[in-house]
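Text of structure.pdb (PDB, C-alpha atoms) as supplied:
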```
ATOM      1  CA  MET S   1      41.956-108.207 -95.318
ATOM      2  CA  ASN S   2      45.139-109.277 -97.116
ATOM      3  CA  PHE S   3      47.471-107.011 -99.072
ATOM      4  CA  GLY S   4      46.095-108.113-102.438
ATOM      5  CA  THR S   5      42.532-107.189-101.487
ATOM      6  CA  LYS S   6      43.638-103.864-100.016
ATOM      7  CA  PHE S   7      45.534-103.054-103.211
ATOM      8  CA  SER S   8      42.545-103.993-105.389
ATOM      9  CA  LEU S   9      40.210-101.756-103.393
ATOM     10  CA  LEU S  10      42.716 -98.897-103.429
ATOM     11  CA  LYS S  11      42.983 -99.261-107.200
ATOM     12  CA  GLN S  12      39.184 -99.189-107.502
ATOM     13  CA  ARG S  13      39.041 -96.058-105.344
ATOM     14  CA  VAL S  14      41.543 -94.357-107.661
ATOM     15  CA  ILE S  15      39.748 -95.512-110.822
ATOM     16  CA  GLY S  16      36.361 -94.442-109.443
ATOM     17  CA  GLY S  17      33.100 -95.020-111.255
ATOM     18  CA  GLY S  18      30.266 -97.335-110.313
ATOM     19  CA  ASP S  19      27.923 -96.884-107.368
ATOM     20  CA  GLN S  20      28.713 -93.944-105.083
ATOM     21  CA  GLU S  21      28.159 -93.696-101.347
ATOM     22  CA  PRO S  22      24.446 -92.930-100.789
ATOM     23  CA  GLU S  23      23.918 -89.326 -99.711
ATOM     24  CA  GLU S  24      21.546 -90.288 -96.885
ATOM     25  CA  LEU S  25      24.202 -92.585 -95.432
ATOM     26  CA  LYS S  26      26.871 -89.924 -95.759
ATOM     27  CA  VAL S  27      24.732 -87.383 -93.878
ATOM     28  CA  VAL S  28      23.801 -89.597 -90.907
ATOM     29  CA  ARG S  29      27.290 -91.123 -90.656
ATOM     30  CA  ARG S  30      28.927 -87.715 -90.370
ATOM     31  CA  LYS S  31      26.304 -86.550 -87.889
ATOM     32  CA  VAL S  32      26.743 -89.538 -85.591
ATOM     33  CA  GLN S  33      30.564 -89.358 -85.721
ATOM     34  CA  SER S  34      30.319 -85.674 -84.771
ATOM     35  CA  PHE S  35      28.854 -86.810 -81.431
ATOM     36  CA  ILE S  36      32.234 -88.104 -80.248
ATOM     37  CA  PRO S  37      33.823 -84.698 -79.400
ATOM     38  CA  ASP S  38      30.796 -83.756 -77.255
ATOM     39  CA  LEU S  39      30.898 -87.100 -75.455
ATOM     40  CA  LYS S  40      34.593 -86.635 -74.715
ATOM     41  CA  LYS S  41      34.002 -83.090 -73.419
ATOM     42  CA  VAL S  42      31.372 -84.341 -70.955
ATOM     43  CA  ARG S  43      33.629 -87.216 -69.891
ATOM     44  CA  LYS S  44      36.508 -84.801 -69.320
ATOM     45  CA  ALA S  45      34.241 -82.558 -67.222
ATOM     46  CA  PHE S  46      33.150 -85.529 -65.100
ATOM     47  CA  ASN S  47      36.757 -86.666 -64.601
ATOM     48  CA  THR S  48      37.804 -83.147 -63.605
ATOM     49  CA  TRP S  49      34.917 -82.971 -61.132
ATOM     50  CA  LEU S  50      35.944 -86.334 -59.635
ATOM     51  CA  GLU S  51      39.509 -85.154 -59.133
ATOM     52  CA  GLY S  52      38.175 -82.207 -57.148
ATOM     53  CA  ALA S  53      35.748 -84.467 -55.294
ATOM     54  CA  LYS S  54      38.584 -86.775 -54.260
ATOM     55  CA  ALA S  55      40.621 -83.850 -52.935
ATOM     56  CA  LEU S  56      37.600 -82.455 -51.087
ATOM     57  CA  GLY S  57      36.772 -85.852 -49.628
ATOM     58  CA  ASN S  58      40.322 -86.299 -48.342
ATOM     59  CA  ALA S  59      40.362 -82.756 -46.928
ATOM     60  CA  SER S  60      37.063 -83.394 -45.145
ATOM     61  CA  GLU S  61      38.426 -86.551 -43.543
ATOM     62  CA  GLN S  62      41.465 -84.642 -42.341
ATOM     63  CA  MET S  63      39.272 -81.826 -41.027
ATOM     64  CA  SER S  64      37.084 -84.267 -39.106
ATOM     65  CA  SER S  65      40.131 -85.944 -37.604
ATOM     66  CA  ALA S  66      41.643 -82.613 -36.598
ATOM     67  CA  LEU S  67      38.477 -81.313 -34.927
ATOM     68  CA  GLN S  68      38.167 -84.290 -32.543
ATOM     69  CA  GLY S  69      34.695 -83.181 -31.473
ATOM     70  CA  SER S  70      35.680 -79.585 -30.672
ATOM     71  CA  ASP S  71      33.098 -78.255 -33.160
ATOM     72  CA  VAL S  72      30.289 -80.789 -33.542
ATOM     73  CA  GLU S  73      28.454 -78.883 -36.261
ATOM     74  CA  LEU S  74      31.540 -78.454 -38.434
ATOM     75  CA  GLN S  75      32.616 -82.023 -37.795
ATOM     76  CA  ASN S  76      29.202 -83.297 -38.924
ATOM     77  CA  ILE S  77      29.571 -81.320 -42.155
ATOM     78  CA  ALA S  78      33.069 -82.703 -42.703
ATOM     79  CA  ASP S  79      31.900 -86.263 -41.996
ATOM     80  CA  THR S  80      28.972 -85.913 -44.415
ATOM     81  CA  VAL S  81      31.190 -84.559 -47.196
ATOM     82  CA  ALA S  82      33.784 -87.276 -46.620
ATOM     83  CA  LYS S  83      31.081 -89.963 -46.740
ATOM     84  CA  GLU S  84      29.730 -88.757 -50.100
ATOM     85  CA  LEU S  85      33.096 -88.102 -51.741
ATOM     86  CA  LYS S  86      35.412 -90.654 -50.137
ATOM     87  CA  PHE S  87      37.519 -92.696 -52.562
ATOM     88  CA  ASP S  88      37.560 -96.395 -51.686
ATOM     89  CA  SER S  89      41.001 -97.585 -52.820
ATOM     90  CA  LYS S  90      40.068-101.197 -52.040
ATOM     91  CA  HIS S  91      37.264-101.206 -54.621
ATOM     92  CA  ASN S  92      38.868 -98.491 -56.784
ATOM     93  CA  ASP S  93      35.704 -96.389 -56.727
ATOM     94  CA  TYR S  94      34.104 -93.522 -54.902
ATOM     95  CA  ALA S  95      31.540 -93.849 -52.166
ATOM     96  CA  GLY S  96      28.222 -92.068 -51.886
ATOM     97  CA  ALA S  97      27.142 -89.472 -54.441
ATOM     98  CA  ALA S  98      30.460 -89.484 -56.309
ATOM     99  CA  SER S  99      29.911 -93.106 -57.358
ATOM    100  CA  LEU S 100      27.086 -91.950 -59.641
ATOM    101  CA  CYS S 101      29.638 -89.884 -61.526
ATOM    102  CA  THR S 102      31.955 -92.839 -62.062
ATOM    103  CA  SER S 103      29.004 -94.881 -63.347
ATOM    104  CA  ALA S 104      28.190 -92.064 -65.762
ATOM    105  CA  ILE S 105      31.778 -92.049 -67.055
ATOM    106  CA  LEU S 106      31.677 -95.817 -67.648
ATOM    107  CA  SER S 107      28.415 -95.375 -69.564
ATOM    108  CA  ILE S 108      29.932 -92.634 -71.735
ATOM    109  CA  ASN S 109      32.943 -94.864 -72.436
ATOM    110  CA  LYS S 110      30.579 -97.574 -73.717
ATOM    111  CA  LYS S 111      28.890 -95.089 -76.048
ATOM    112  CA  ILE S 112      32.230 -93.881 -77.416
ATOM    113  CA  LYS S 113      33.243 -97.522 -77.943
ATOM    114  CA  LEU S 114      29.972 -98.097 -79.807
ATOM    115  CA  LEU S 115      30.623 -95.106 -82.066
ATOM    116  CA  ASP S 116      34.163 -96.322 -82.752
ATOM    117  CA  ALA S 117      32.741 -99.735 -83.684
ATOM    118  CA  LEU S 118      30.221 -98.091 -86.008
ATOM    119  CA  LYS S 119      33.035 -96.177 -87.679
ATOM    120  CA  ALA S 120      34.850 -99.462 -88.300
ATOM    121  CA  LYS S 121      31.658-100.953 -89.744
ATOM    122  CA  GLY S 122      31.298 -97.869 -91.932
ATOM    123  CA  ASP S 123      34.791 -98.531 -93.287
ATOM    124  CA  GLU S 124      33.802-102.146 -93.921
ATOM    125  CA  LEU S 125      30.699-100.983 -95.800
ATOM    126  CA  GLU S 126      32.837 -98.688 -97.949
ATOM    127  CA  ASN S 127      35.066-101.660 -98.789
ATOM    128  CA  TRP S 128      32.049-103.674 -99.916
ATOM    129  CA  ARG S 129      30.940-100.759-102.116
ATOM    130  CA  LEU S 130      34.357-100.634-103.743
ATOM    131  CA  GLN S 131      34.343-104.403-104.088
ATOM    132  CA  LYS S 132      30.991-104.301-105.906
ATOM    133  CA  ASN S 133      32.285-101.669-108.311
ATOM    134  CA  ARG S 134      35.513-103.589-108.898
ATOM    135  CA  LEU S 135      33.665-106.811-109.664
ATOM    136  CA  LYS S 136      31.245-105.058-112.046
ATOM    137  CA  ARG S 137      34.179-103.468-113.875
ATOM    138  CA  LYS S 138      36.010-106.797-114.148
ATOM    139  CA  MET S 139      32.843-108.510-115.389
ATOM    140  CA  GLN S 140      32.560-105.977-118.183
ATOM    141  CA  GLU S 141      36.172-106.732-119.158
ATOM    142  CA  TYR S 142      35.447-110.487-119.190
ATOM    143  CA  GLU S 143      32.275-109.972-121.207
ATOM    144  CA  LYS S 144      34.252-108.079-123.872
ATOM    145  CA  LYS S 145      36.704-110.995-124.012
ATOM    146  CA  GLY S 146      33.835-113.499-124.253
ATOM    147  CA  ASP S 147      35.035-115.307-121.131
ATOM    148  CA  ALA S 148      31.748-116.876-119.977
ATOM    149  CA  GLU S 149      33.356-118.877-117.167
ATOM    150  CA  GLY S 150      35.067-115.768-115.797
ATOM    151  CA  VAL S 151      31.797-113.832-115.976
ATOM    152  CA  ARG S 152      29.959-116.622-114.152
ATOM    153  CA  LYS S 153      32.519-116.723-111.353
ATOM    154  CA  LEU S 154      32.578-112.947-110.921
ATOM    155  CA  ASP S 155      28.800-112.773-110.980
ATOM    156  CA  SER S 156      28.664-115.158-108.008
ATOM    157  CA  GLU S 157      31.178-113.011-106.126
ATOM    158  CA  LEU S 158      29.229-109.886-107.035
ATOM    159  CA  GLN S 159      25.988-111.283-105.636
ATOM    160  CA  THR S 160      27.776-112.081-102.365
ATOM    161  CA  ALA S 161      29.240-108.574-102.219
ATOM    162  CA  ARG S 162      25.820-107.022-102.903
ATOM    163  CA  SER S 163      24.209-109.148-100.195
ATOM    164  CA  ASN S 164      26.885-108.277 -97.627
ATOM    165  CA  TYR S 165      26.689-104.587 -98.536
ATOM    166  CA  SER S 166      22.897-104.495 -98.276
ATOM    167  CA  SER S 167      22.833-106.297 -94.930
ATOM    168  CA  LEU S 168      25.494-104.046 -93.398
ATOM    169  CA  TYR S 169      23.927-100.908 -94.884
ATOM    170  CA  ASN S 170      20.554-101.690 -93.258
ATOM    171  CA  GLU S 171      22.236-102.446 -89.932
ATOM    172  CA  LEU S 172      24.155 -99.173 -89.935
ATOM    173  CA  MET S 173      21.197 -97.043 -90.998
ATOM    174  CA  ALA S 174      19.105 -98.532 -88.174
ATOM    175  CA  LYS S 175      21.811 -97.863 -85.566
ATOM    176  CA  TYR S 176      22.546 -94.374 -86.881
ATOM    177  CA  GLY S 177      18.831 -93.583 -86.805
ATOM    178  CA  TYR S 178      18.527 -94.811 -83.219
ATOM    179  CA  LEU S 179      21.454 -92.682 -82.036
ATOM    180  CA  ILE S 180      20.164 -89.578 -83.821
ATOM    181  CA  GLN S 181      16.736 -90.111 -82.290
ATOM    182  CA  MET S 182      18.371 -90.551 -78.870
ATOM    183  CA  SER S 183      20.218 -87.261 -79.310
ATOM    184  CA  ASP S 184      16.857 -85.480 -79.648
ATOM    185  CA  GLY S 185      18.387 -82.738 -81.792
ATOM    186  CA  LYS S 186      21.082 -81.986 -79.203
ATOM    187  CA  ASP S 187      23.859 -83.966 -80.919
ATOM    188  CA  GLY S 188      26.473 -85.530 -78.609
ATOM    189  CA  ILE S 189      25.089 -83.794 -75.543
ATOM    190  CA  GLY S 190      21.713 -85.331 -76.321
ATOM    191  CA  ILE S 191      22.890 -88.924 -76.121
ATOM    192  CA  VAL S 192      24.412 -88.351 -72.679
ATOM    193  CA  GLN S 193      21.201 -87.055 -71.123
ATOM    194  CA  THR S 194      20.987 -90.150 -68.907
ATOM    195  CA  GLU S 195      24.529 -89.586 -67.656
ATOM    196  CA  LEU S 196      23.931 -85.875 -67.085
ATOM    197  CA  ILE S 197      20.801 -86.670 -65.096
ATOM    198  CA  ALA S 198      22.820 -89.118 -62.966
ATOM    199  CA  PHE S 199      25.438 -86.419 -62.393
ATOM    200  CA  LYS S 200      22.764 -83.875 -61.451
ATOM    201  CA  HIS S 201      21.273 -86.403 -59.031
ATOM    202  CA  SER S 202      24.703 -86.895 -57.441
ATOM    203  CA  GLN S 203      24.906 -83.132 -56.895
ATOM    204  CA  LEU S 204      21.467 -83.056 -55.310
ATOM    205  CA  LEU S 205      22.497 -85.854 -52.962
ATOM    206  CA  PHE S 206      25.676 -84.025 -52.066
ATOM    207  CA  PHE S 207      24.356 -80.494 -51.702
TER     208      PHE S 207
END
```
Please re-express this file's structure in structure tokens.
Amino acid sequence: MNFGTKFSLLKQRVIGGGDQEPEELKVVRRKVQSFIPDLKKVRKAFNTWLEGAKALGNASEQMSSALQGSDVELQNIADTVAKELKFDSKHNDYAGAASLCTSAILSINKKIKLLDALKAKGDELENWRLQKNRLKRKMQEYEKKGDAEGVRKLDSELQTARSNYSSLYNELMAKYGYLIQMSDGKDGIGIVQTELIAFKHSQLLFF
């Protein structure tokens, strides 16, 4: 978007009037964007857990090495813990149960990226709304002047803006609806149920 277009849309925002943002869109957009803080909290918890897992895995390796078979039972425990929590620097990932946690974090990152993309599309939709209102206002000015050619040209642009707005509106409403349904009334925590289940499974494997 060039400076001229940005200025025109800013001017239309200041002038106001015309079609307003639909209330149903406003409600679902705000709800879906409110998921992001919950997603980030879960991601932070997983990252914190992995930091502890890495330290515990390293400590277990050291314990196993120090025991040198003097306490078979304790060494078996240390070896098991190290196997599940060992960080593989070659592949930059954890081994065993801890790898499920890293997969869950990657999945959460994709969902946050999706929500960020939807926010950008929401901004684009708002621009099309302002563009429609600007074109309708300019058409009225041309009609008062009796400028038929100007009206014809603006009408063509207005139809394009309406088509683009409608298409993007339907796309966003469908995606917002899907995410809200996925959340199952639990907001951001709801859409990470799959990741939380994976994390729980990693704990069951470990403990």
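Here the PyMOL selection byres ((chain S and resi 104-112) around 7) matches the residues Ile36, Leu39, Arg43, Phe46, Leu100, Cys101, Thr102, Ser103, Lys113, Leu114, Leu115, Asp116, Glu195 and Ala198 of chain S.
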Nearest to Gln33 of chain S: which of S:Arg137, S:Lys119, S:Arg152, S:Lys132 is it, counting only C-alpha atoms?
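The shortest atom-to-atom distance to Gln33 of chain S comes from S:Lys119.
Counting only C-alpha atoms and comparing S:Thr194, S:Gln75, S:Thr160, S:Ser202, the residue that lies closest to Ala53 of chain S is S:Ser202.
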Name every residue that the PyMOL selection byres ((chain S and resi 31) around 12) selects in this structure, writing the answer as JSON, numbers by chain with chains first and numbers rising.
{"S": [24, 25, 26, 27, 28, 29, 30, 32, 33, 34, 35, 36, 37, 38, 115, 119, 176, 177, 179, 180, 181, 183, 185, 186, 187, 188]}
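For the choices S:Glu126, S:His201, S:Lys144, S:Lys136, the atom-to-atom distance to Asn164 of chain S is smallest for S:Glu126 when using all atoms listed in the file.
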Go through S:Glu124, S:Asp184, S:Glu141, S:Glu61 and flag the residue nearest Ser167 of chain S, using all atoms listed in the file for the distances.
S:Glu124
Option closest in space to Gly57 of chain S, from S:Gly69, S:Gly150, S:Glu21, S:Ala98 [counting all atoms listed in the file]:
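Selected residue with least distance to Gly57 of chain S: S:Ala98.
Across S:Ala78, S:Lys153, S:Gly96, S:Tyr169, the tightest approach to Asp123 of chain S is made by S:Tyr169 when counting all atoms listed in the file.
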What's the 12 Å shell around Trp128 of chain S, counting only C-alpha atoms, without same-chain residues fewer than 2 positions away, as a VMD selection string?
chain S and resid 1 5 to 6 8 to 9 12 to 13 19 to 21 121 to 126 130 to 135 157 to 169
Extract, using all atoms listed in the file, all DNA, RNA and protein residues at most 12 Å from Leu85 of chain S, discarding same-chain residues fewer than 3 positions from it, and format them as a ChimeraX atom specification.
/S:49-61,78-82,88,93-102,202-203,205-207
Enter the distance from atom CA of Asn47 of chain S to atom CA of His91 of chain S, in Å, rounded to one decimal.
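We find that atom CA of Asn47 of chain S and atom CA of His91 of chain S lie 17.6 Å from each other.
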Separation of atom CA of Asp71 of chain S from atom CA of Lys83 of chain S, in Å and rounded to one decimal:
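It comes out at 18.0 Å.
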What are the centre and the three edge lengths of an axis-aligned box that wraps all atoms of segment 196-202 of chain S in the file, given that 6 Å is added to every side, written as JSON and rounded to one decimal in Å?
```
{"center_x": 23.1, "center_y": -86.5, "center_z": -62.3, "size_x": 16.6, "size_y": 17.2, "size_z": 21.6}
```
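For the pair atom CA of Lys86 of chain S and atom CA of Leu196 of chain S, the separation is 21.0 Å.
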What would segment 65-79 of chain S look like with N, CA and C atoms restored, written as an mmCIF file, keeping the file's coordinate frame?
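Once written, result-v6.cif looks like this:
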```cif
data_model
loop_
_atom_site.group_PDB
_atom_site.id
_atom_site.type_symbol
_atom_site.label_atom_id
_atom_site.label_comp_id
_atom_site.auth_asym_id
_atom_site.auth_seq_id
_atom_site.Cartn_x
_atom_site.Cartn_y
_atom_site.Cartn_z
ATOM 1 N N SER S 65 39.150 -85.371 -38.526
ATOM 2 C CA SER S 65 40.131 -85.944 -37.604
ATOM 3 C C SER S 65 40.771 -84.861 -36.739
ATOM 4 N N ALA S 66 40.992 -83.707 -37.334
ATOM 5 C CA ALA S 66 41.643 -82.613 -36.598
ATOM 6 C C ALA S 66 40.718 -82.010 -35.550
ATOM 7 N N LEU S 67 39.430 -81.962 -35.854
ATOM 8 C CA LEU S 67 38.477 -81.313 -34.927
ATOM 9 C C LEU S 67 38.301 -82.104 -33.636
ATOM 10 N N GLN S 68 38.286 -83.415 -33.722
ATOM 11 C CA GLN S 68 38.167 -84.290 -32.543
ATOM 12 C C GLN S 68 37.015 -83.871 -31.627
ATOM 13 N N GLY S 69 35.886 -83.520 -32.245
ATOM 14 C CA GLY S 69 34.695 -83.181 -31.473
ATOM 15 C C GLY S 69 34.658 -81.785 -30.909
ATOM 16 N N SER S 70 35.649 -80.943 -31.226
ATOM 17 C CA SER S 70 35.680 -79.585 -30.672
ATOM 18 C C SER S 70 34.592 -78.693 -31.280
ATOM 19 N N ASP S 71 34.179 -79.008 -32.512
ATOM 20 C CA ASP S 71 33.098 -78.255 -33.160
ATOM 21 C C ASP S 71 32.195 -79.298 -33.816
ATOM 22 N N VAL S 72 31.161 -79.692 -33.094
ATOM 23 C CA VAL S 72 30.289 -80.789 -33.542
ATOM 24 C C VAL S 72 29.633 -80.481 -34.880
ATOM 25 N N GLU S 73 29.149 -79.247 -35.033
ATOM 26 C CA GLU S 73 28.454 -78.883 -36.261
ATOM 27 C C GLU S 73 29.391 -78.983 -37.468
ATOM 28 N N LEU S 74 30.579 -78.412 -37.337
ATOM 29 C CA LEU S 74 31.540 -78.454 -38.434
ATOM 30 C C LEU S 74 32.019 -79.881 -38.690
ATOM 31 N N GLN S 75 32.167 -80.644 -37.626
ATOM 32 C CA GLN S 75 32.616 -82.023 -37.795
ATOM 33 C C GLN S 75 31.553 -82.850 -38.523
ATOM 34 N N ASN S 76 30.284 -82.593 -38.222
ATOM 35 C CA ASN S 76 29.202 -83.297 -38.924
ATOM 36 C C ASN S 76 29.220 -82.984 -40.413
ATOM 37 N N ILE S 77 29.479 -81.719 -40.733
ATOM 38 C CA ILE S 77 29.571 -81.320 -42.155
ATOM 39 C C ILE S 77 30.731 -82.049 -42.820
ATOM 40 N N ALA S 78 31.880 -82.045 -42.147
ATOM 41 C CA ALA S 78 33.069 -82.703 -42.703
ATOM 42 C C ALA S 78 32.832 -84.199 -42.883
ATOM 43 N N ASP S 79 32.181 -84.823 -41.907
ATOM 44 C CA ASP S 79 31.900 -86.263 -41.996
ATOM 45 C C ASP S 79 30.952 -86.569 -43.152
#
```
